[in-house]
Each structure stands twice: as structure tokens, then as C-alpha cells.
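Peer 1: One file is attached below, final24.txt, containing compact mmCIF, N, CA and C atoms.
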# COMPACT_ATOMS: atom_id res chain seq x y z
N MET H 1 84.09 121.27 104.28
CA MET H 1 84.00 121.47 102.86
C MET H 1 84.62 120.26 102.17
N PRO H 2 83.94 119.68 101.20
CA PRO H 2 84.49 118.54 100.47
C PRO H 2 85.78 118.93 99.74
N PRO H 3 86.75 118.02 99.66
CA PRO H 3 88.04 118.35 99.01
C PRO H 3 87.90 118.92 97.61
N VAL H 4 86.95 118.44 96.83
CA VAL H 4 86.80 118.95 95.46
C VAL H 4 86.41 120.42 95.47
N ASP H 5 85.59 120.84 96.43
CA ASP H 5 85.21 122.25 96.54
C ASP H 5 86.39 123.08 97.04
N PHE H 6 87.11 122.54 98.01
CA PHE H 6 88.28 123.24 98.55
C PHE H 6 89.32 123.47 97.45
N ARG H 7 89.52 122.47 96.62
CA ARG H 7 90.48 122.57 95.51
C ARG H 7 90.10 123.71 94.57
N LYS H 8 88.80 123.87 94.29
CA LYS H 8 88.35 124.95 93.40
C LYS H 8 88.67 126.32 94.01
N HIS H 9 88.46 126.45 95.31
CA HIS H 9 88.78 127.71 95.98
C HIS H 9 90.27 128.00 95.93
N LEU H 10 91.08 126.99 96.17
CA LEU H 10 92.54 127.17 96.11
C LEU H 10 93.00 127.59 94.72
N GLN H 11 92.45 126.96 93.71
CA GLN H 11 92.86 127.28 92.34
C GLN H 11 92.46 128.70 91.95
N ALA H 12 91.42 129.23 92.54
CA ALA H 12 90.98 130.59 92.23
C ALA H 12 91.85 131.66 92.90
N CYS H 13 92.64 131.27 93.88
CA CYS H 13 93.48 132.21 94.62
C CYS H 13 94.81 132.46 93.92
N ARG H 14 95.38 133.62 94.16
CA ARG H 14 96.73 133.92 93.66
C ARG H 14 97.78 133.59 94.71
N ILE H 15 97.43 133.80 95.99
CA ILE H 15 98.35 133.51 97.09
C ILE H 15 97.59 132.91 98.25
N GLY H 16 98.33 132.28 99.15
CA GLY H 16 97.75 131.79 100.40
C GLY H 16 98.10 132.78 101.51
N ILE H 17 97.14 133.11 102.31
CA ILE H 17 97.36 134.05 103.41
C ILE H 17 97.11 133.30 104.72
N ILE H 18 98.10 133.38 105.61
CA ILE H 18 97.95 132.79 106.94
C ILE H 18 98.12 133.92 107.93
N ALA H 19 97.04 134.26 108.60
CA ALA H 19 97.05 135.39 109.53
C ALA H 19 96.52 134.96 110.89
N TYR H 20 97.30 135.26 111.90
CA TYR H 20 96.88 134.98 113.27
C TYR H 20 96.89 136.27 114.06
N ASP H 21 95.98 136.36 115.00
CA ASP H 21 95.90 137.50 115.89
C ASP H 21 97.04 137.37 116.90
N ASN H 22 98.02 138.24 116.79
CA ASN H 22 99.20 138.16 117.67
C ASN H 22 98.88 138.40 119.13
N SER H 23 97.76 139.02 119.42
CA SER H 23 97.42 139.26 120.82
C SER H 23 97.01 137.98 121.54
N ARG H 24 96.73 136.93 120.79
CA ARG H 24 96.36 135.64 121.40
C ARG H 24 97.40 134.60 121.03
N HIS H 25 98.66 134.98 121.13
CA HIS H 25 99.78 134.16 120.68
C HIS H 25 99.81 132.77 121.32
N ASP H 26 99.32 132.64 122.55
CA ASP H 26 99.35 131.34 123.22
C ASP H 26 98.55 130.29 122.47
N ARG H 27 97.52 130.67 121.76
CA ARG H 27 96.71 129.72 121.00
C ARG H 27 97.34 129.38 119.66
N ASN H 28 98.26 130.19 119.18
CA ASN H 28 98.87 129.97 117.88
C ASN H 28 99.72 128.70 117.85
N ASN H 29 100.14 128.21 118.99
CA ASN H 29 100.96 127.00 119.02
C ASN H 29 100.16 125.75 118.68
N LEU H 30 98.86 125.86 118.56
CA LEU H 30 98.01 124.71 118.24
C LEU H 30 97.61 124.69 116.78
N ARG H 31 98.30 125.44 115.94
CA ARG H 31 97.95 125.48 114.53
C ARG H 31 98.29 124.17 113.84
N SER H 32 97.67 123.95 112.72
CA SER H 32 97.88 122.74 111.93
C SER H 32 98.72 123.05 110.71
N PRO H 33 99.64 122.15 110.34
CA PRO H 33 100.44 122.39 109.13
C PRO H 33 99.67 122.14 107.84
N LEU H 34 98.44 121.67 107.93
CA LEU H 34 97.71 121.30 106.72
C LEU H 34 97.38 122.48 105.81
N LYS H 35 97.16 123.66 106.39
CA LYS H 35 96.87 124.83 105.56
C LYS H 35 98.09 125.16 104.70
N VAL H 36 99.27 125.16 105.30
CA VAL H 36 100.51 125.44 104.57
C VAL H 36 100.70 124.40 103.47
N ILE H 37 100.54 123.14 103.81
CA ILE H 37 100.73 122.06 102.84
C ILE H 37 99.74 122.19 101.69
N SER H 38 98.50 122.52 101.99
CA SER H 38 97.48 122.68 100.95
C SER H 38 97.84 123.81 100.00
N TYR H 39 98.25 124.96 100.55
CA TYR H 39 98.64 126.09 99.70
C TYR H 39 99.82 125.71 98.81
N LEU H 40 100.83 125.07 99.39
CA LEU H 40 102.02 124.70 98.62
C LEU H 40 101.67 123.71 97.52
N ALA H 41 100.86 122.71 97.85
CA ALA H 41 100.46 121.70 96.86
C ALA H 41 99.69 122.32 95.70
N ALA H 42 98.99 123.41 95.98
CA ALA H 42 98.23 124.10 94.93
C ALA H 42 99.09 125.09 94.16
N GLY H 43 100.37 125.20 94.52
CA GLY H 43 101.27 126.10 93.81
C GLY H 43 101.13 127.55 94.19
N LYS H 44 100.72 127.80 95.43
CA LYS H 44 100.49 129.18 95.89
C LYS H 44 101.59 129.63 96.85
N SER H 45 102.15 130.81 96.61
CA SER H 45 103.05 131.43 97.58
C SER H 45 102.23 131.77 98.82
N ILE H 46 102.89 131.80 99.96
CA ILE H 46 102.22 132.05 101.23
C ILE H 46 102.77 133.31 101.87
N VAL H 47 101.87 134.18 102.32
CA VAL H 47 102.22 135.35 103.11
C VAL H 47 101.65 135.10 104.50
N SER H 48 102.52 135.19 105.52
CA SER H 48 102.10 134.83 106.87
C SER H 48 102.72 135.76 107.91
N ASN H 49 101.98 135.99 108.98
CA ASN H 49 102.53 136.76 110.09
C ASN H 49 103.02 135.84 111.21
N ILE H 50 103.09 134.55 110.95
CA ILE H 50 103.68 133.60 111.89
C ILE H 50 104.74 132.78 111.16
N ASP H 51 105.62 132.18 111.92
CA ASP H 51 106.65 131.32 111.34
C ASP H 51 106.01 129.98 111.00
N CYS H 52 106.03 129.61 109.73
CA CYS H 52 105.45 128.34 109.30
C CYS H 52 106.41 127.17 109.54
N GLU H 53 107.60 127.47 110.06
CA GLU H 53 108.57 126.47 110.49
C GLU H 53 109.05 125.56 109.37
N ILE H 54 109.18 126.12 108.17
CA ILE H 54 109.75 125.38 107.04
C ILE H 54 110.85 126.27 106.46
N GLY H 55 111.99 126.26 107.11
CA GLY H 55 113.07 127.16 106.77
C GLY H 55 113.53 127.06 105.32
N SER H 56 113.48 125.86 104.75
CA SER H 56 113.94 125.68 103.37
C SER H 56 113.08 126.41 102.36
N LEU H 57 111.87 126.81 102.75
CA LEU H 57 110.96 127.50 101.83
C LEU H 57 110.86 129.00 102.09
N GLN H 58 111.61 129.48 103.10
CA GLN H 58 111.58 130.89 103.43
C GLN H 58 112.07 131.72 102.24
N ASN H 59 111.25 132.65 101.81
CA ASN H 59 111.51 133.53 100.67
C ASN H 59 111.67 132.77 99.35
N LYS H 60 111.22 131.53 99.33
CA LYS H 60 111.17 130.74 98.09
C LYS H 60 109.73 130.35 97.77
N ALA H 61 108.88 130.36 98.79
CA ALA H 61 107.45 130.10 98.63
C ALA H 61 106.67 130.64 99.83
N ILE H 62 107.36 130.79 100.96
CA ILE H 62 106.73 131.30 102.18
C ILE H 62 107.41 132.60 102.57
N TYR H 63 106.58 133.63 102.82
CA TYR H 63 107.07 134.95 103.14
C TYR H 63 106.47 135.40 104.46
N ASN H 64 107.34 135.65 105.45
CA ASN H 64 106.89 136.08 106.76
C ASN H 64 106.98 137.60 106.87
N VAL H 65 106.03 138.16 107.58
CA VAL H 65 105.98 139.61 107.77
C VAL H 65 105.88 139.93 109.25
N THR H 66 106.30 141.14 109.59
CA THR H 66 106.19 141.57 110.99
C THR H 66 105.40 142.88 111.12
N THR H 67 105.21 143.58 110.01
CA THR H 67 104.46 144.84 110.06
C THR H 67 103.32 144.81 109.05
N LEU H 68 102.35 145.67 109.28
CA LEU H 68 101.24 145.77 108.34
C LEU H 68 101.72 146.24 106.97
N GLU H 69 102.70 147.11 106.94
CA GLU H 69 103.21 147.60 105.67
C GLU H 69 103.80 146.45 104.85
N GLU H 70 104.62 145.61 105.51
CA GLU H 70 105.19 144.44 104.83
C GLU H 70 104.09 143.50 104.35
N TYR H 71 103.10 143.33 105.21
CA TYR H 71 102.00 142.41 104.91
C TYR H 71 101.29 142.82 103.62
N PHE H 72 100.88 144.07 103.57
CA PHE H 72 100.15 144.54 102.39
C PHE H 72 101.04 144.61 101.16
N ALA H 73 102.31 144.96 101.33
CA ALA H 73 103.23 145.01 100.19
C ALA H 73 103.40 143.62 99.58
N LEU H 74 103.54 142.60 100.42
CA LEU H 74 103.69 141.24 99.90
C LEU H 74 102.40 140.70 99.30
N ILE H 75 101.27 141.06 99.87
CA ILE H 75 99.99 140.64 99.28
C ILE H 75 99.84 141.25 97.89
N ILE H 76 100.20 142.51 97.74
CA ILE H 76 100.14 143.14 96.41
C ILE H 76 101.10 142.46 95.45
N LYS H 77 102.32 142.15 95.89
CA LYS H 77 103.28 141.46 95.03
C LYS H 77 102.75 140.08 94.64
N GLY H 78 102.14 139.39 95.60
CA GLY H 78 101.58 138.07 95.32
C GLY H 78 100.44 138.14 94.32
N TYR H 79 99.58 139.12 94.50
CA TYR H 79 98.45 139.29 93.59
C TYR H 79 98.93 139.61 92.18
N SER H 80 100.10 140.28 92.10
CA SER H 80 100.68 140.64 90.80
C SER H 80 101.62 139.55 90.27
N ASN H 81 101.63 138.40 90.92
CA ASN H 81 102.50 137.27 90.54
C ASN H 81 103.98 137.65 90.57
N GLU H 82 104.38 138.47 91.53
CA GLU H 82 105.76 138.90 91.66
C GLU H 82 106.51 138.22 92.79
N LEU H 83 105.86 137.31 93.50
CA LEU H 83 106.55 136.56 94.56
C LEU H 83 107.15 135.29 93.96
N GLU H 84 108.39 135.02 94.35
CA GLU H 84 109.02 133.80 93.86
C GLU H 84 108.30 132.58 94.42
N PHE H 85 108.15 131.57 93.57
CA PHE H 85 107.62 130.28 94.00
C PHE H 85 108.54 129.24 93.37
N ASP H 86 109.48 128.74 94.16
CA ASP H 86 110.47 127.79 93.67
C ASP H 86 109.85 126.39 93.66
N GLN H 87 109.29 126.03 92.53
CA GLN H 87 108.55 124.77 92.40
C GLN H 87 109.41 123.56 92.75
N GLN H 88 110.68 123.57 92.38
CA GLN H 88 111.56 122.44 92.64
C GLN H 88 111.76 122.25 94.15
N VAL H 89 112.01 123.32 94.88
CA VAL H 89 112.21 123.23 96.32
C VAL H 89 110.90 122.83 97.01
N VAL H 90 109.79 123.38 96.54
CA VAL H 90 108.48 123.03 97.11
C VAL H 90 108.19 121.55 96.87
N ASN H 91 108.41 121.07 95.66
CA ASN H 91 108.16 119.65 95.37
C ASN H 91 109.02 118.75 96.24
N SER H 92 110.26 119.12 96.45
CA SER H 92 111.16 118.34 97.31
C SER H 92 110.61 118.28 98.73
N TYR H 93 110.14 119.42 99.24
CA TYR H 93 109.54 119.44 100.58
C TYR H 93 108.29 118.57 100.64
N LEU H 94 107.40 118.74 99.67
CA LEU H 94 106.15 117.99 99.69
C LEU H 94 106.40 116.48 99.62
N LYS H 95 107.41 116.06 98.88
CA LYS H 95 107.73 114.63 98.80
C LYS H 95 108.31 114.09 100.10
N SER H 96 108.85 114.98 100.92
CA SER H 96 109.49 114.55 102.17
C SER H 96 108.50 114.40 103.33
N ILE H 97 107.27 114.83 103.13
CA ILE H 97 106.29 114.84 104.22
C ILE H 97 105.88 113.42 104.60
N ASP H 98 105.92 113.17 105.86
CA ASP H 98 105.48 111.89 106.42
C ASP H 98 104.29 112.20 107.33
N TYR H 99 103.08 111.87 106.88
CA TYR H 99 101.88 112.23 107.62
C TYR H 99 101.83 111.58 109.00
N ASN H 100 102.34 110.37 109.14
CA ASN H 100 102.35 109.74 110.45
C ASN H 100 103.22 110.55 111.41
N ALA H 101 104.37 111.01 110.94
CA ALA H 101 105.24 111.83 111.78
C ALA H 101 104.58 113.17 112.11
N LEU H 102 103.91 113.78 111.14
CA LEU H 102 103.22 115.04 111.39
C LEU H 102 102.10 114.87 112.42
N LEU H 103 101.32 113.83 112.27
CA LEU H 103 100.24 113.59 113.23
C LEU H 103 100.79 113.31 114.62
N THR H 104 101.86 112.55 114.70
CA THR H 104 102.48 112.28 115.99
C THR H 104 102.91 113.58 116.65
N LEU H 105 103.54 114.47 115.90
CA LEU H 105 103.97 115.75 116.43
C LEU H 105 102.77 116.59 116.91
N ILE H 106 101.71 116.63 116.11
CA ILE H 106 100.52 117.39 116.49
C ILE H 106 99.94 116.86 117.80
N PHE H 107 99.79 115.54 117.89
CA PHE H 107 99.20 114.97 119.10
C PHE H 107 100.12 115.12 120.30
N GLU H 108 101.44 115.08 120.10
CA GLU H 108 102.37 115.32 121.20
C GLU H 108 102.22 116.74 121.72
N LYS H 109 102.05 117.70 120.80
CA LYS H 109 101.92 119.10 121.19
C LYS H 109 100.65 119.35 122.01
N ILE H 110 99.61 118.57 121.75
CA ILE H 110 98.37 118.74 122.53
C ILE H 110 98.26 117.69 123.64
N ASN H 111 99.39 116.99 123.88
CA ASN H 111 99.50 116.03 124.99
C ASN H 111 98.47 114.92 124.93
N GLN H 112 98.24 114.40 123.75
CA GLN H 112 97.32 113.28 123.58
C GLN H 112 98.05 112.15 122.87
N PRO H 113 97.80 110.91 123.25
CA PRO H 113 98.43 109.80 122.52
C PRO H 113 97.83 109.66 121.12
N LEU H 114 98.65 109.25 120.17
CA LEU H 114 98.19 109.03 118.82
C LEU H 114 97.59 107.64 118.72
N ALA H 115 96.35 107.55 118.29
CA ALA H 115 95.71 106.24 118.08
C ALA H 115 96.43 105.51 116.96
N GLU H 116 96.44 104.23 117.00
CA GLU H 116 97.08 103.42 115.95
C GLU H 116 96.43 103.72 114.61
N LEU H 117 97.24 104.09 113.62
CA LEU H 117 96.72 104.36 112.28
C LEU H 117 96.52 103.08 111.51
N LYS H 118 95.50 103.02 110.70
CA LYS H 118 95.24 101.82 109.91
C LYS H 118 95.42 102.13 108.46
What's the C-alpha cells form of this structure?

Peer 2:
Amino acid sequence: MPPVDFRKHLQACRIGIIAYDNSRHDRNNLRSPLKVISYLAAGKSIVSNIDCEIGSLQNKAIYNVTTLEEYFALIIKGYSNELEFDQQVVNSYLKSIDYNALLTLIFEKINQPLAELK
């Protein structure tokens, strides 16, 4: 999907939802941080059943759940604009992102060398 189309979809959403099938947990370790970054950059709180590994944003923009009841309760709160979204903390995180470091980490996790970036 072209970025301009993706941006329109993000803007139409109230929250970002990240859901993984816990029965296939071994595959969850290959997830990409780009979905989280995209939601945050669009100003969307995130409800997720996995750890997005950004502790500074826990309960400030990212909300983790362990039960279906929690999941649906947070989705309803997000849809009602009742989830906190600490723009200052999110902006600080987004400014700290180093894409070269992120790509290196991703390629290390899949045991592939990172090609020289240009």
C-alpha cells in the first residue's frame, strides 16, 4: 500500500490494535517495530496482547492486555478517546529512533547480515 493511502487509513482510526495468535508464540519474535512506530507517529494509542518492548510508553500510549476482557475494555476506552496518549513522551521516543540501529537489530534476530545502507 502506498504511504499516502496508509496514512489515510491511520488517520481514520481511533486506536492501533496489535494482535498476535498466542498459540504460535514462536513466530511472534519476528515481528517488526514499524507498526508500533506508525501508530505512534499518527497519534494513536495502542492496545496489544504482546509486549511492544517500549517500557517508557507503557500505559502512556501503549496498553498491554492478557485477557479478552481487558482487551475489549481497552478497545472500548480507546474508541471513546479515554486512553491516555502522552504526546510529549511519545515525541521524545520517536525522536530517539535510529533506523540503522533498528534494522541491525531486526537482521541480527533473523541471523542475516545487514547490507551496507546508502

Peer 1: Hey, what's within 7 Å of segment 76-84 of chain H if we count only C-alpha atoms and toss same-chain stuff fewer than 5 positions away? As a ChimeraX atom specification, please?

Peer 2: /H:14-15,45,60-61

Peer 1: Between H:Leu34, H:Leu94, H:Ala101, H:Ile17, which has the minimum distance to Val47 of chain H (counting only N, CA and C atoms)?

Peer 2: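 Closest candidate: H:Ile17.
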
Peer 1: What is the distance between atom CA of Asp5 of chain H and atom CA of Lys95 of chain H, in Å to one decimal?

Peer 2: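 Taking atom CA of Asp5 of chain H as the start and atom CA of Lys95 of chain H as the end point, the length is 23.9 Å.
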
Peer 1: Box time for segment 78-87 of chain H: axis-aligned, enclosing all its listed atoms, 8 Å extra on each side; report centre and edge lengths in Å to one decimal, as JSON.

Peer 2:
{"center_x": 104.5, "center_y": 132.1, "center_z": 92.9, "size_x": 28.0, "size_y": 33.1, "size_z": 21.3}

Peer 1: For Asp98 of chain H, which residue among H:Asn49, H:Ile37, H:Ala12, H:Gly43 is the nearest when counting only C-alpha atoms?

Peer 2: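 Between H:Asn49, H:Ile37, H:Ala12, H:Gly43, the residue approaching Asp98 of chain H most closely is H:Ile37.
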
Peer 1: Pick from H:Phe72, H:Phe85, H:Lys44, H:Ser38: nearest to Leu57 of chain H, with only C-alpha atoms counted?

Peer 2: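 Between H:Phe72, H:Phe85, H:Lys44, H:Ser38, the residue approaching Leu57 of chain H most closely is H:Phe85.
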
Peer 1: One number please: atom N of Ile46 of chain H to atom CA of Tyr71 of chain H, in Å, one decimal.

Peer 2: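 Here the two named atoms are 11.7 Å from each other.
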
Peer 1: Pull the alpha helix (DSSP H) assignments for segment 1-75 of chain H out of DSSP run on the backbone, and list those residues as an NGL selection string.

Peer 2: :H and (3-12 or 25-28 or 34-41 or 68-75)

Peer 1: Please, could you write that set of residues out with N, CA and C atoms as a PDB file, keeping the file's coordinate frame?

Peer 2:
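again04.pdb, written as the output of this step:
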ATOM      1  N   PRO H   3      86.750 118.020  99.660  1.00  0.00           N
ATOM      2  CA  PRO H   3      88.040 118.350  99.010  1.00  0.00           C
ATOM      3  C   PRO H   3      87.900 118.920  97.610  1.00  0.00           C
ATOM      4  N   VAL H   4      86.950 118.440  96.830  1.00  0.00           N
ATOM      5  CA  VAL H   4      86.800 118.950  95.460  1.00  0.00           C
ATOM      6  C   VAL H   4      86.410 120.420  95.470  1.00  0.00           C
ATOM      7  N   ASP H   5      85.590 120.840  96.430  1.00  0.00           N
ATOM      8  CA  ASP H   5      85.210 122.250  96.540  1.00  0.00           C
ATOM      9  C   ASP H   5      86.390 123.080  97.040  1.00  0.00           C
ATOM     10  N   PHE H   6      87.110 122.540  98.010  1.00  0.00           N
ATOM     11  CA  PHE H   6      88.280 123.240  98.550  1.00  0.00           C
ATOM     12  C   PHE H   6      89.320 123.470  97.450  1.00  0.00           C
ATOM     13  N   ARG H   7      89.520 122.470  96.620  1.00  0.00           N
ATOM     14  CA  ARG H   7      90.480 122.570  95.510  1.00  0.00           C
ATOM     15  C   ARG H   7      90.100 123.710  94.570  1.00  0.00           C
ATOM     16  N   LYS H   8      88.800 123.870  94.290  1.00  0.00           N
ATOM     17  CA  LYS H   8      88.350 124.950  93.400  1.00  0.00           C
ATOM     18  C   LYS H   8      88.670 126.320  94.010  1.00  0.00           C
ATOM     19  N   HIS H   9      88.460 126.450  95.310  1.00  0.00           N
ATOM     20  CA  HIS H   9      88.780 127.710  95.980  1.00  0.00           C
ATOM     21  C   HIS H   9      90.270 128.000  95.930  1.00  0.00           C
ATOM     22  N   LEU H  10      91.080 126.990  96.170  1.00  0.00           N
ATOM     23  CA  LEU H  10      92.540 127.170  96.110  1.00  0.00           C
ATOM     24  C   LEU H  10      93.000 127.590  94.720  1.00  0.00           C
ATOM     25  N   GLN H  11      92.450 126.960  93.710  1.00  0.00           N
ATOM     26  CA  GLN H  11      92.860 127.280  92.340  1.00  0.00           C
ATOM     27  C   GLN H  11      92.460 128.700  91.950  1.00  0.00           C
ATOM     28  N   ALA H  12      91.420 129.230  92.540  1.00  0.00           N
ATOM     29  CA  ALA H  12      90.980 130.590  92.230  1.00  0.00           C
ATOM     30  C   ALA H  12      91.850 131.660  92.900  1.00  0.00           C
ATOM     31  N   HIS H  25      98.660 134.980 121.130  1.00  0.00           N
ATOM     32  CA  HIS H  25      99.780 134.160 120.680  1.00  0.00           C
ATOM     33  C   HIS H  25      99.810 132.770 121.320  1.00  0.00           C
ATOM     34  N   ASP H  26      99.320 132.640 122.550  1.00  0.00           N
ATOM     35  CA  ASP H  26      99.350 131.340 123.220  1.00  0.00           C
ATOM     36  C   ASP H  26      98.550 130.290 122.470  1.00  0.00           C
ATOM     37  N   ARG H  27      97.520 130.670 121.760  1.00  0.00           N
ATOM     38  CA  ARG H  27      96.710 129.720 121.000  1.00  0.00           C
ATOM     39  C   ARG H  27      97.340 129.380 119.660  1.00  0.00           C
ATOM     40  N   ASN H  28      98.260 130.190 119.180  1.00  0.00           N
ATOM     41  CA  ASN H  28      98.870 129.970 117.880  1.00  0.00           C
ATOM     42  C   ASN H  28      99.720 128.700 117.850  1.00  0.00           C
ATOM     43  N   LEU H  34      98.440 121.670 107.930  1.00  0.00           N
ATOM     44  CA  LEU H  34      97.710 121.300 106.720  1.00  0.00           C
ATOM     45  C   LEU H  34      97.380 122.480 105.810  1.00  0.00           C
ATOM     46  N   LYS H  35      97.160 123.660 106.390  1.00  0.00           N
ATOM     47  CA  LYS H  35      96.870 124.830 105.560  1.00  0.00           C
ATOM     48  C   LYS H  35      98.090 125.160 104.700  1.00  0.00           C
ATOM     49  N   VAL H  36      99.270 125.160 105.300  1.00  0.00           N
ATOM     50  CA  VAL H  36     100.510 125.440 104.570  1.00  0.00           C
ATOM     51  C   VAL H  36     100.700 124.400 103.470  1.00  0.00           C
ATOM     52  N   ILE H  37     100.540 123.140 103.810  1.00  0.00           N
ATOM     53  CA  ILE H  37     100.730 122.060 102.840  1.00  0.00           C
ATOM     54  C   ILE H  37      99.740 122.190 101.690  1.00  0.00           C
ATOM     55  N   SER H  38      98.500 122.520 101.990  1.00  0.00           N
ATOM     56  CA  SER H  38      97.480 122.680 100.950  1.00  0.00           C
ATOM     57  C   SER H  38      97.840 123.810 100.000  1.00  0.00           C
ATOM     58  N   TYR H  39      98.250 124.960 100.550  1.00  0.00           N
ATOM     59  CA  TYR H  39      98.640 126.090  99.700  1.00  0.00           C
ATOM     60  C   TYR H  39      99.820 125.710  98.810  1.00  0.00           C
ATOM     61  N   LEU H  40     100.830 125.070  99.390  1.00  0.00           N
ATOM     62  CA  LEU H  40     102.020 124.700  98.620  1.00  0.00           C
ATOM     63  C   LEU H  40     101.670 123.710  97.520  1.00  0.00           C
ATOM     64  N   ALA H  41     100.860 122.710  97.850  1.00  0.00           N
ATOM     65  CA  ALA H  41     100.460 121.700  96.860  1.00  0.00           C
ATOM     66  C   ALA H  41      99.690 122.320  95.700  1.00  0.00           C
ATOM     67  N   LEU H  68     102.350 145.670 109.280  1.00  0.00           N
ATOM     68  CA  LEU H  68     101.240 145.770 108.340  1.00  0.00           C
ATOM     69  C   LEU H  68     101.720 146.240 106.970  1.00  0.00           C
ATOM     70  N   GLU H  69     102.700 147.110 106.940  1.00  0.00           N
ATOM     71  CA  GLU H  69     103.210 147.600 105.670  1.00  0.00           C
ATOM     72  C   GLU H  69     103.800 146.450 104.850  1.00  0.00           C
ATOM     73  N   GLU H  70     104.620 145.610 105.510  1.00  0.00           N
ATOM     74  CA  GLU H  70     105.190 144.440 104.830  1.00  0.00           C
ATOM     75  C   GLU H  70     104.090 143.500 104.350  1.00  0.00           C
ATOM     76  N   TYR H  71     103.100 143.330 105.210  1.00  0.00           N
ATOM     77  CA  TYR H  71     102.000 142.410 104.910  1.00  0.00           C
ATOM     78  C   TYR H  71     101.290 142.820 103.620  1.00  0.00           C
ATOM     79  N   PHE H  72     100.880 144.070 103.570  1.00  0.00           N
ATOM     80  CA  PHE H  72     100.150 144.540 102.390  1.00  0.00           C
ATOM     81  C   PHE H  72     101.040 144.610 101.160  1.00  0.00           C
ATOM     82  N   ALA H  73     102.310 144.960 101.330  1.00  0.00           N
ATOM     83  CA  ALA H  73     103.230 145.010 100.190  1.00  0.00           C
ATOM     84  C   ALA H  73     103.400 143.620  99.580  1.00  0.00           C
ATOM     85  N   LEU H  74     103.540 142.600 100.420  1.00  0.00           N
ATOM     86  CA  LEU H  74     103.690 141.240  99.900  1.00  0.00           C
ATOM     87  C   LEU H  74     102.400 140.700  99.300  1.00  0.00           C
ATOM     88  N   ILE H  75     101.270 141.060  99.870  1.00  0.00           N
ATOM     89  CA  ILE H  75      99.990 140.640  99.280  1.00  0.00           C
ATOM     90  C   ILE H  75      99.840 141.250  97.890  1.00  0.00           C
TER      91      ILE H  75
END

Peer 1: For a test of reading the model, state the distance in Å between atom N of Cys13 of chain H and atom CA of Ile75 of chain H, rounded to one decimal.

Peer 2: 13.1 Å

Peer 1: Would you mind telling me which residue in H:Ala73, H:Gly16, H:Leu68, H:Tyr93 lies nearest to Tyr39 of chain H when using all atoms listed in the file?

Peer 2: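 Among the listed residues, H:Gly16 lies closest to Tyr39 of chain H.
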
Peer 1: From the list H:Ile18, H:Ile97, H:Ile50, H:Met1, which residue is nearest Val36 of chain H when using only C-alpha atoms?

Peer 2: H:Ile18
